[in-house]
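Structure below is input_12.cif: mmCIF, C-alpha atoms; chains and numbers go by the auth columns.
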data_structure
loop_
_atom_site.group_PDB
_atom_site.id
_atom_site.type_symbol
_atom_site.label_atom_id
_atom_site.label_comp_id
_atom_site.label_asym_id
_atom_site.label_seq_id
_atom_site.Cartn_x
_atom_site.Cartn_y
_atom_site.Cartn_z
_atom_site.B_iso_or_equiv
_atom_site.auth_seq_id
_atom_site.auth_asym_id
ATOM 1 C CA MET A 1 88.214 -39.410 53.382 0.00 302 A
ATOM 2 C CA ALA A 2 84.610 -38.710 52.404 0.00 303 A
ATOM 3 C CA ALA A 3 81.920 -40.656 54.237 0.00 304 A
ATOM 4 C CA LYS A 4 80.697 -43.734 52.424 0.00 305 A
ATOM 5 C CA ARG A 5 77.303 -43.335 50.764 0.00 306 A
ATOM 6 C CA ILE A 6 74.787 -46.108 51.275 0.00 307 A
ATOM 7 C CA LEU A 7 71.597 -46.657 49.307 0.00 308 A
ATOM 8 C CA MET A 8 68.558 -48.194 51.012 0.00 309 A
ATOM 9 C CA ILE A 9 65.602 -49.341 48.906 0.00 310 A
ATOM 10 C CA VAL A 10 62.322 -49.343 50.823 0.00 311 A
ATOM 11 C CA GLY A 11 58.611 -49.538 50.087 0.00 312 A
ATOM 12 C CA ASP A 12 55.207 -49.472 51.712 0.00 313 A
ATOM 13 C CA PHE A 13 54.840 -52.128 54.411 0.00 314 A
ATOM 14 C CA GLY A 14 58.521 -52.839 54.617 0.00 315 A
ATOM 15 C CA GLU A 15 59.405 -54.118 58.094 0.00 316 A
ATOM 16 C CA ASP A 16 59.585 -51.200 60.534 0.00 317 A
ATOM 17 C CA TYR A 17 62.679 -52.269 62.524 0.00 318 A
ATOM 18 C CA GLU A 18 64.490 -53.446 59.403 0.00 319 A
ATOM 19 C CA ILE A 19 64.140 -49.970 57.882 0.00 320 A
ATOM 20 C CA MET A 20 64.451 -47.737 60.957 0.00 321 A
ATOM 21 C CA VAL A 21 67.300 -49.466 62.800 0.00 322 A
ATOM 22 C CA PRO A 22 69.887 -49.747 59.976 0.00 323 A
ATOM 23 C CA PHE A 23 68.921 -46.307 58.638 0.00 324 A
ATOM 24 C CA GLN A 24 69.707 -44.704 62.000 0.00 325 A
ATOM 25 C CA ALA A 25 72.601 -46.974 63.036 0.00 326 A
ATOM 26 C CA LEU A 26 74.537 -46.441 59.797 0.00 327 A
ATOM 27 C CA GLN A 27 74.147 -42.674 60.128 0.00 328 A
ATOM 28 C CA ALA A 28 75.206 -42.831 63.788 0.00 329 A
ATOM 29 C CA VAL A 29 78.632 -44.160 62.775 0.00 330 A
ATOM 30 C CA GLY A 30 79.120 -41.563 60.042 0.00 331 A
ATOM 31 C CA PHE A 31 77.719 -43.036 56.842 0.00 332 A
ATOM 32 C CA GLN A 32 75.399 -41.098 54.540 0.00 333 A
ATOM 33 C CA VAL A 33 72.256 -43.176 53.958 0.00 334 A
ATOM 34 C CA ASP A 34 69.779 -42.331 51.184 0.00 335 A
ATOM 35 C CA ALA A 35 66.427 -44.107 51.545 0.00 336 A
ATOM 36 C CA VAL A 36 64.407 -44.270 48.328 0.00 337 A
ATOM 37 C CA CYS A 37 61.183 -45.843 47.118 0.00 338 A
ATOM 38 C CA PRO A 38 60.042 -46.320 43.500 0.00 339 A
ATOM 39 C CA GLY A 39 57.255 -43.892 42.622 0.00 340 A
ATOM 40 C CA LYS A 40 57.982 -41.606 45.583 0.00 341 A
ATOM 41 C CA LYS A 41 60.062 -38.485 46.142 0.00 342 A
ATOM 42 C CA LYS A 42 62.214 -37.067 48.913 0.00 343 A
ATOM 43 C CA GLY A 43 59.995 -35.946 51.813 0.00 344 A
ATOM 44 C CA GLN A 44 57.227 -38.415 51.046 0.00 345 A
ATOM 45 C CA LYS A 45 56.620 -41.358 53.357 0.00 346 A
ATOM 46 C CA VAL A 46 56.273 -45.107 53.256 0.00 347 A
ATOM 47 C CA ARG A 47 54.090 -46.961 55.741 0.00 348 A
ATOM 48 C CA THR A 48 55.892 -49.683 57.638 0.00 349 A
ATOM 49 C CA ALA A 49 54.694 -52.826 59.394 0.00 350 A
ATOM 50 C CA VAL A 50 56.017 -54.512 62.532 0.00 351 A
ATOM 51 C CA HIS A 51 56.550 -58.233 62.089 0.00 352 A
ATOM 52 C CA ASP A 52 56.710 -60.069 65.393 0.00 353 A
ATOM 53 C CA PHE A 53 57.317 -63.647 66.495 0.00 354 A
ATOM 54 C CA GLU A 54 54.652 -64.611 69.005 0.00 355 A
ATOM 55 C CA GLY A 55 54.413 -68.382 68.740 0.00 356 A
ATOM 56 C CA ASP A 56 52.163 -68.555 65.683 0.00 357 A
ATOM 57 C CA GLN A 57 52.988 -70.584 62.580 0.00 358 A
ATOM 58 C CA THR A 58 54.314 -67.419 60.944 0.00 359 A
ATOM 59 C CA TYR A 59 55.016 -63.843 62.038 0.00 360 A
ATOM 60 C CA SER A 60 52.238 -61.500 63.089 0.00 361 A
ATOM 61 C CA GLU A 61 51.892 -58.069 61.488 0.00 362 A
ATOM 62 C CA LYS A 62 51.019 -54.738 63.110 0.00 363 A
ATOM 63 C CA PRO A 63 51.106 -51.125 61.907 0.00 364 A
ATOM 64 C CA GLY A 64 54.504 -49.462 62.151 0.00 365 A
ATOM 65 C CA HIS A 65 55.765 -45.905 61.702 0.00 366 A
ATOM 66 C CA ASN A 66 55.465 -43.650 58.700 0.00 367 A
ATOM 67 C CA PHE A 67 59.058 -43.490 57.450 0.00 368 A
ATOM 68 C CA GLN A 68 60.130 -40.340 55.609 0.00 369 A
ATOM 69 C CA LEU A 69 62.257 -40.752 52.496 0.00 370 A
ATOM 70 C CA ASN A 70 65.332 -38.534 52.257 0.00 371 A
ATOM 71 C CA ALA A 71 66.067 -39.008 48.539 0.00 372 A
ATOM 72 C CA THR A 72 64.126 -39.405 45.287 0.00 373 A
ATOM 73 C CA PHE A 73 64.250 -42.799 43.553 0.00 374 A
ATOM 74 C CA ASP A 74 64.178 -41.399 40.011 0.00 375 A
ATOM 75 C CA GLU A 75 67.187 -39.160 40.718 0.00 376 A
ATOM 76 C CA ILE A 76 69.615 -41.657 42.205 0.00 377 A
ATOM 77 C CA ARG A 77 72.568 -43.107 40.310 0.00 378 A
ATOM 78 C CA PRO A 78 73.839 -46.412 41.738 0.00 379 A
ATOM 79 C CA GLU A 79 77.400 -45.594 40.733 0.00 380 A
ATOM 80 C CA ASP A 80 77.337 -42.765 43.306 0.00 381 A
ATOM 81 C CA TYR A 81 76.923 -45.262 46.169 0.00 382 A
ATOM 82 C CA ASP A 82 79.363 -47.529 47.966 0.00 383 A
ATOM 83 C CA ALA A 83 76.895 -50.077 49.388 0.00 384 A
ATOM 84 C CA LEU A 84 73.281 -51.230 49.328 0.00 385 A
ATOM 85 C CA VAL A 85 70.821 -52.141 52.105 0.00 386 A
ATOM 86 C CA ILE A 86 67.633 -54.105 51.392 0.00 387 A
ATOM 87 C CA PRO A 87 65.214 -54.395 54.343 0.00 388 A
ATOM 88 C CA GLY A 88 62.538 -57.067 54.546 0.00 389 A
ATOM 89 C CA GLY A 89 58.828 -56.992 55.211 0.00 390 A
ATOM 90 C CA ARG A 90 56.151 -57.139 52.539 0.00 391 A
ATOM 91 C CA ALA A 91 57.675 -54.486 50.281 0.00 392 A
ATOM 92 C CA PRO A 92 60.219 -56.795 48.576 0.00 393 A
ATOM 93 C CA GLU A 93 57.460 -58.960 47.074 0.00 394 A
ATOM 94 C CA TYR A 94 56.389 -56.057 44.845 0.00 395 A
ATOM 95 C CA LEU A 95 59.633 -54.060 44.657 0.00 396 A
ATOM 96 C CA ARG A 96 61.159 -57.045 42.844 0.00 397 A
ATOM 97 C CA LEU A 97 58.684 -56.460 40.006 0.00 398 A
ATOM 98 C CA ASN A 98 60.336 -53.091 39.274 0.00 399 A
ATOM 99 C CA ASP A 99 62.961 -53.433 36.517 0.00 400 A
ATOM 100 C CA ARG A 100 64.879 -50.374 37.691 0.00 401 A
ATOM 101 C CA VAL A 101 65.182 -51.823 41.211 0.00 402 A
ATOM 102 C CA LEU A 102 66.639 -54.997 39.718 0.00 403 A
ATOM 103 C CA GLU A 103 69.080 -52.997 37.554 0.00 404 A
ATOM 104 C CA ILE A 104 70.275 -51.115 40.627 0.00 405 A
ATOM 105 C CA VAL A 105 70.784 -54.346 42.583 0.00 406 A
ATOM 106 C CA ARG A 106 72.742 -55.866 39.691 0.00 407 A
ATOM 107 C CA HIS A 107 75.033 -52.821 39.624 0.00 408 A
ATOM 108 C CA PHE A 108 76.051 -53.450 43.249 0.00 409 A
ATOM 109 C CA ALA A 109 76.469 -57.205 42.730 0.00 410 A
ATOM 110 C CA GLN A 110 78.423 -56.921 39.477 0.00 411 A
ATOM 111 C CA ASN A 111 80.766 -54.292 40.944 0.00 412 A
ATOM 112 C CA ASN A 112 81.334 -56.316 44.129 0.00 413 A
ATOM 113 C CA LYS A 113 80.004 -53.531 46.338 0.00 414 A
ATOM 114 C CA PRO A 114 78.765 -54.464 49.830 0.00 415 A
ATOM 115 C CA ILE A 115 75.131 -55.588 50.028 0.00 416 A
ATOM 116 C CA ALA A 116 73.245 -56.115 53.292 0.00 417 A
ATOM 117 C CA ALA A 117 69.868 -57.832 52.963 0.00 418 A
ATOM 118 C CA ILE A 118 67.600 -59.156 55.675 0.00 419 A
ATOM 119 C CA CYS A 119 64.475 -61.294 55.965 0.00 420 A
ATOM 120 C CA HIS A 120 62.295 -61.002 52.830 0.00 421 A
ATOM 121 C CA GLY A 121 64.790 -58.566 51.287 0.00 422 A
ATOM 122 C CA LEU A 122 66.412 -61.619 49.713 0.00 423 A
ATOM 123 C CA GLN A 123 63.380 -61.832 47.393 0.00 424 A
ATOM 124 C CA ILE A 124 64.792 -58.826 45.544 0.00 425 A
ATOM 125 C CA LEU A 125 68.208 -60.472 45.224 0.00 426 A
ATOM 126 C CA THR A 126 66.649 -63.676 43.865 0.00 427 A
ATOM 127 C CA ALA A 127 64.616 -61.717 41.295 0.00 428 A
ATOM 128 C CA ALA A 128 67.756 -59.811 40.251 0.00 429 A
ATOM 129 C CA ASP A 129 69.475 -63.186 39.697 0.00 430 A
ATOM 130 C CA VAL A 130 72.571 -62.278 41.723 0.00 431 A
ATOM 131 C CA LEU A 131 72.715 -65.208 44.167 0.00 432 A
ATOM 132 C CA LYS A 132 74.155 -67.995 42.009 0.00 433 A
ATOM 133 C CA GLY A 133 76.804 -69.778 44.068 0.00 434 A
ATOM 134 C CA ARG A 134 76.451 -67.376 47.009 0.00 435 A
ATOM 135 C CA ARG A 135 75.963 -68.459 50.625 0.00 436 A
ATOM 136 C CA CYS A 136 73.191 -66.518 52.327 0.00 437 A
ATOM 137 C CA THR A 137 70.292 -66.716 54.717 0.00 438 A
ATOM 138 C CA ALA A 138 66.826 -65.178 54.787 0.00 439 A
ATOM 139 C CA TYR A 139 63.466 -65.560 56.477 0.00 440 A
ATOM 140 C CA PRO A 140 62.920 -69.351 56.222 0.00 441 A
ATOM 141 C CA ALA A 141 59.906 -68.956 53.907 0.00 442 A
ATOM 142 C CA VAL A 142 62.259 -67.346 51.352 0.00 443 A
ATOM 143 C CA GLY A 143 64.696 -70.277 51.477 0.00 444 A
ATOM 144 C CA PRO A 144 63.109 -72.103 48.521 0.00 445 A
ATOM 145 C CA GLU A 145 63.428 -68.949 46.400 0.00 446 A
ATOM 146 C CA VAL A 146 67.114 -68.623 47.299 0.00 447 A
ATOM 147 C CA LYS A 147 67.708 -72.246 46.275 0.00 448 A
ATOM 148 C CA ALA A 148 65.712 -71.829 43.040 0.00 449 A
ATOM 149 C CA ALA A 149 67.875 -68.791 42.201 0.00 450 A
ATOM 150 C CA GLY A 150 71.041 -70.885 42.558 0.00 451 A
ATOM 151 C CA GLY A 151 72.034 -69.615 45.991 0.00 452 A
ATOM 152 C CA GLU A 152 73.135 -71.752 48.915 0.00 453 A
ATOM 153 C CA TYR A 153 70.523 -71.178 51.615 0.00 454 A
ATOM 154 C CA VAL A 154 72.022 -71.467 55.104 0.00 455 A
ATOM 155 C CA GLU A 155 69.597 -72.053 57.959 0.00 456 A
ATOM 156 C CA VAL A 156 70.742 -70.148 61.052 0.00 457 A
ATOM 157 C CA PRO A 157 69.059 -68.993 64.284 0.00 458 A
ATOM 158 C CA VAL A 158 66.898 -65.875 63.900 0.00 459 A
ATOM 159 C CA ASP A 159 69.545 -63.758 65.657 0.00 460 A
ATOM 160 C CA GLU A 160 72.490 -64.870 63.508 0.00 461 A
ATOM 161 C CA VAL A 161 74.095 -63.726 60.256 0.00 462 A
ATOM 162 C CA VAL A 162 75.758 -65.216 57.171 0.00 463 A
ATOM 163 C CA VAL A 163 78.624 -63.393 55.462 0.00 464 A
ATOM 164 C CA ASP A 164 79.851 -64.369 51.999 0.00 465 A
ATOM 165 C CA GLY A 165 82.429 -61.854 50.828 0.00 466 A
ATOM 166 C CA ASN A 166 80.588 -58.569 50.266 0.00 467 A
ATOM 167 C CA LEU A 167 77.149 -60.106 50.961 0.00 468 A
ATOM 168 C CA VAL A 168 75.778 -59.863 54.526 0.00 469 A
ATOM 169 C CA THR A 169 72.409 -61.525 55.191 0.00 470 A
ATOM 170 C CA ALA A 170 70.224 -62.352 58.192 0.00 471 A
ATOM 171 C CA PRO A 171 66.847 -64.051 58.816 0.00 472 A
ATOM 172 C CA ALA A 172 65.039 -61.184 60.586 0.00 473 A
ATOM 173 C CA TRP A 173 65.399 -58.143 62.856 0.00 474 A
ATOM 174 C CA PRO A 174 66.481 -60.079 65.989 0.00 475 A
ATOM 175 C CA ALA A 175 69.798 -60.452 64.122 0.00 476 A
ATOM 176 C CA HIS A 176 70.387 -56.681 63.906 0.00 477 A
ATOM 177 C CA PRO A 177 73.334 -56.589 66.354 0.00 478 A
ATOM 178 C CA ARG A 178 75.251 -59.285 64.445 0.00 479 A
ATOM 179 C CA TRP A 179 74.025 -58.246 60.975 0.00 480 A
ATOM 180 C CA LEU A 180 75.015 -54.611 61.421 0.00 481 A
ATOM 181 C CA ALA A 181 78.329 -55.469 63.115 0.00 482 A
ATOM 182 C CA GLU A 182 79.308 -57.681 60.169 0.00 483 A
ATOM 183 C CA PHE A 183 78.133 -55.086 57.642 0.00 484 A
ATOM 184 C CA PHE A 184 80.253 -52.459 59.429 0.00 485 A
ATOM 185 C CA LYS A 185 83.285 -54.745 58.985 0.00 486 A
ATOM 186 C CA VAL A 186 82.583 -55.233 55.276 0.00 487 A
ATOM 187 C CA LEU A 187 82.298 -51.442 54.952 0.00 488 A
ATOM 188 C CA GLY A 188 85.742 -51.092 56.544 0.00 489 A
ATOM 189 C CA LEU A 189 84.505 -49.583 59.808 0.00 490 A
ATOM 190 C CA ARG A 190 86.426 -50.493 62.934 0.00 491 A
ATOM 191 C CA ILE A 191 84.813 -49.768 66.281 0.00 492 A
ATOM 192 C CA GLU A 192 87.129 -49.718 69.273 0.00 493 A
ATOM 193 C CA HIS A 193 86.013 -49.712 72.885 0.00 494 A
ATOM 194 C CA GLU A 194 88.081 -47.944 75.532 0.00 495 A
ATOM 195 C CA GLU A 195 88.899 -49.973 78.605 0.00 496 A
ATOM 196 C CA ALA A 196 87.110 -48.735 81.729 0.00 497 A
ATOM 197 C CA ALA A 197 89.453 -46.918 84.083 0.00 498 A
ATOM 198 C CA MET A 198 90.546 -49.093 86.976 0.00 499 A
ATOM 199 C CA ALA A 199 89.316 -47.845 90.371 0.00 500 A
#

Mind turning the file's structure into structure tokens?
Amino acid sequence: MAAKRILMIVGDFGEDYEIMVPFQALQAVGFQVDAVCPGKKKGQKVRTAVHDFEGDQTYSEKPGHNFQLNATFDEIRPEDYDALVIPGGRAPEYLRLNDRVLEIVRHFAQNNKPIAAICHGLQILTAADVLKGRRCTAYPAVGPEVKAAGGEYVEVPVDEVVVDGNLVTAPAWPAHPRWLAEFFKVLGLRIEHEEAAMA
């Protein structure tokens, strides 16, 4: 069976971990991941930001890596992909203004394809109007947007996940282990661990 193809929509000042970690982890288990950004082509880069939780009233922000795109936004066809990943950070606040981004998101939602979104990535789902009646979580500051879009916002610890059918969401990057594990399940991936040999 051919490897599943996953589309990741990123942008400048997306959250560093929330782009880098799923991009690499999904490839590590055999999926093809195409990372695209509106207005940019394969080989170009987006600048990321590291959002950290250091006891302030909100997250702090520091420069992240320059992340290289491996596909061109204008050339992708959503019907060629099996699943969608939407990282958080600051990028979603302007990516959601792009009509083509919203069309792509609606394709995945309307065709019941798996969608993994984290942190502020839910801002794109609210703008695409695909959360009505869906249980999900997000960075707490996005909770009011989820509710306004008709979604059921579930408040969970920062390292937890909410799964509603094909939709896998988490509040922020500390949830990566659970978020990715649940997304793997939705994608049909089963990871088995061999028992250590007895001495």

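For the atom pair formed by atom CA of Arg378 of chain A and atom CA of Lys305 of chain A, the distance is 14.6 Å, given to one decimal.
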
Can you build me a table of segment 303-389 of chain A residues sitting at most 7 Å from segment 419-436 of chain A, with the closest atom pair per residue and its distance in Å to one decimal, using only C-alpha atoms, sorted by chain and residue number, as a tab-separated table?
residue	atom	partner	partner_atom	distance
A:Ile387	CA	A:Gly422	CA	5.3
A:Pro388	CA	A:Gly422	CA	5.2
A:Gly389	CA	A:Gly422	CA	4.2

Based on the selection just made, write C-alpha atoms of those residues as an mmCIF file, in the coordinates of the input.
data_model
loop_
_atom_site.group_PDB
_atom_site.id
_atom_site.type_symbol
_atom_site.label_atom_id
_atom_site.label_comp_id
_atom_site.auth_asym_id
_atom_site.auth_seq_id
_atom_site.Cartn_x
_atom_site.Cartn_y
_atom_site.Cartn_z
ATOM 1 C CA ILE A 387 67.633 -54.105 51.392
ATOM 2 C CA PRO A 388 65.214 -54.395 54.343
ATOM 3 C CA GLY A 389 62.538 -57.067 54.546
#

Put the listed atoms of segment 411-424 of chain A in a box along x, y and z with 8 Å added on every side and give me the centre and edge lengths in Å to one decimal, as AutoDock Vina command-line options.
--center_x 71.8 --center_y -57.7 --center_z 47.7 --size_x 35.0 --size_y 24.3 --size_z 32.5

Residues of segment 339-408 of chain A that have any atom at most 10 Å from an atom of segment 466-475 of chain A: could you tabulate them with the shortest-distance atom pair and the distance in Å to one decimal, using only C-alpha atoms, ordered by chain and increasing number, as CSV?
residue,atom,partner,partner_atom,distance
A:His352,CA,A:Trp474,CA,8.9
A:Asp353,CA,A:Trp474,CA,9.3
A:Phe354,CA,A:Pro475,CA,9.8
A:Ala384,CA,A:Asn467,CA,9.3
A:Leu385,CA,A:Leu468,CA,9.8
A:Val386,CA,A:Val469,CA,9.5
A:Ile387,CA,A:Thr470,CA,9.6
A:Pro388,CA,A:Ala473,CA,9.2
A:Gly389,CA,A:Ala473,CA,7.7
A:Gly390,CA,A:Ala473,CA,9.2

Which residues fall under the PyMOL selection byres ((chain A and resi 447) around 9) in this file, as a ChimeraX atom specification? /A:423-424,426-427,432-433,437-439,443-446,448-454

Please dump the current selection as a PDB file, in the frame of the given file; keep C-alpha atoms.
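Final output, saved to out-v1.pdb:
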ATOM      1  CA  LEU A 423      66.412 -61.619  49.713  1.00  0.00           C
ATOM      2  CA  GLN A 424      63.380 -61.832  47.393  1.00  0.00           C
ATOM      3  CA  LEU A 426      68.208 -60.472  45.224  1.00  0.00           C
ATOM      4  CA  THR A 427      66.649 -63.676  43.865  1.00  0.00           C
ATOM      5  CA  LEU A 432      72.715 -65.208  44.167  1.00  0.00           C
ATOM      6  CA  LYS A 433      74.155 -67.995  42.009  1.00  0.00           C
ATOM      7  CA  CYS A 437      73.191 -66.518  52.327  1.00  0.00           C
ATOM      8  CA  THR A 438      70.292 -66.716  54.717  1.00  0.00           C
ATOM      9  CA  ALA A 439      66.826 -65.178  54.787  1.00  0.00           C
ATOM     10  CA  VAL A 443      62.259 -67.346  51.352  1.00  0.00           C
ATOM     11  CA  GLY A 444      64.696 -70.277  51.477  1.00  0.00           C
ATOM     12  CA  PRO A 445      63.109 -72.103  48.521  1.00  0.00           C
ATOM     13  CA  GLU A 446      63.428 -68.949  46.400  1.00  0.00           C
ATOM     14  CA  LYS A 448      67.708 -72.246  46.275  1.00  0.00           C
ATOM     15  CA  ALA A 449      65.712 -71.829  43.040  1.00  0.00           C
ATOM     16  CA  ALA A 450      67.875 -68.791  42.201  1.00  0.00           C
ATOM     17  CA  GLY A 451      71.041 -70.885  42.558  1.00  0.00           C
ATOM     18  CA  GLY A 452      72.034 -69.615  45.991  1.00  0.00           C
ATOM     19  CA  GLU A 453      73.135 -71.752  48.915  1.00  0.00           C
ATOM     20  CA  TYR A 454      70.523 -71.178  51.615  1.00  0.00           C
TER      21      TYR A 454
END

Restricting the calculation to all atoms listed in the file: of A:Thr349, A:Asn399, A:Gln411, A:Gln333, which residue gets closest to Gln369 of chain A?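 Nearest candidate to Gln369 of chain A out of A:Thr349, A:Asn399, A:Gln411, A:Gln333: A:Thr349.
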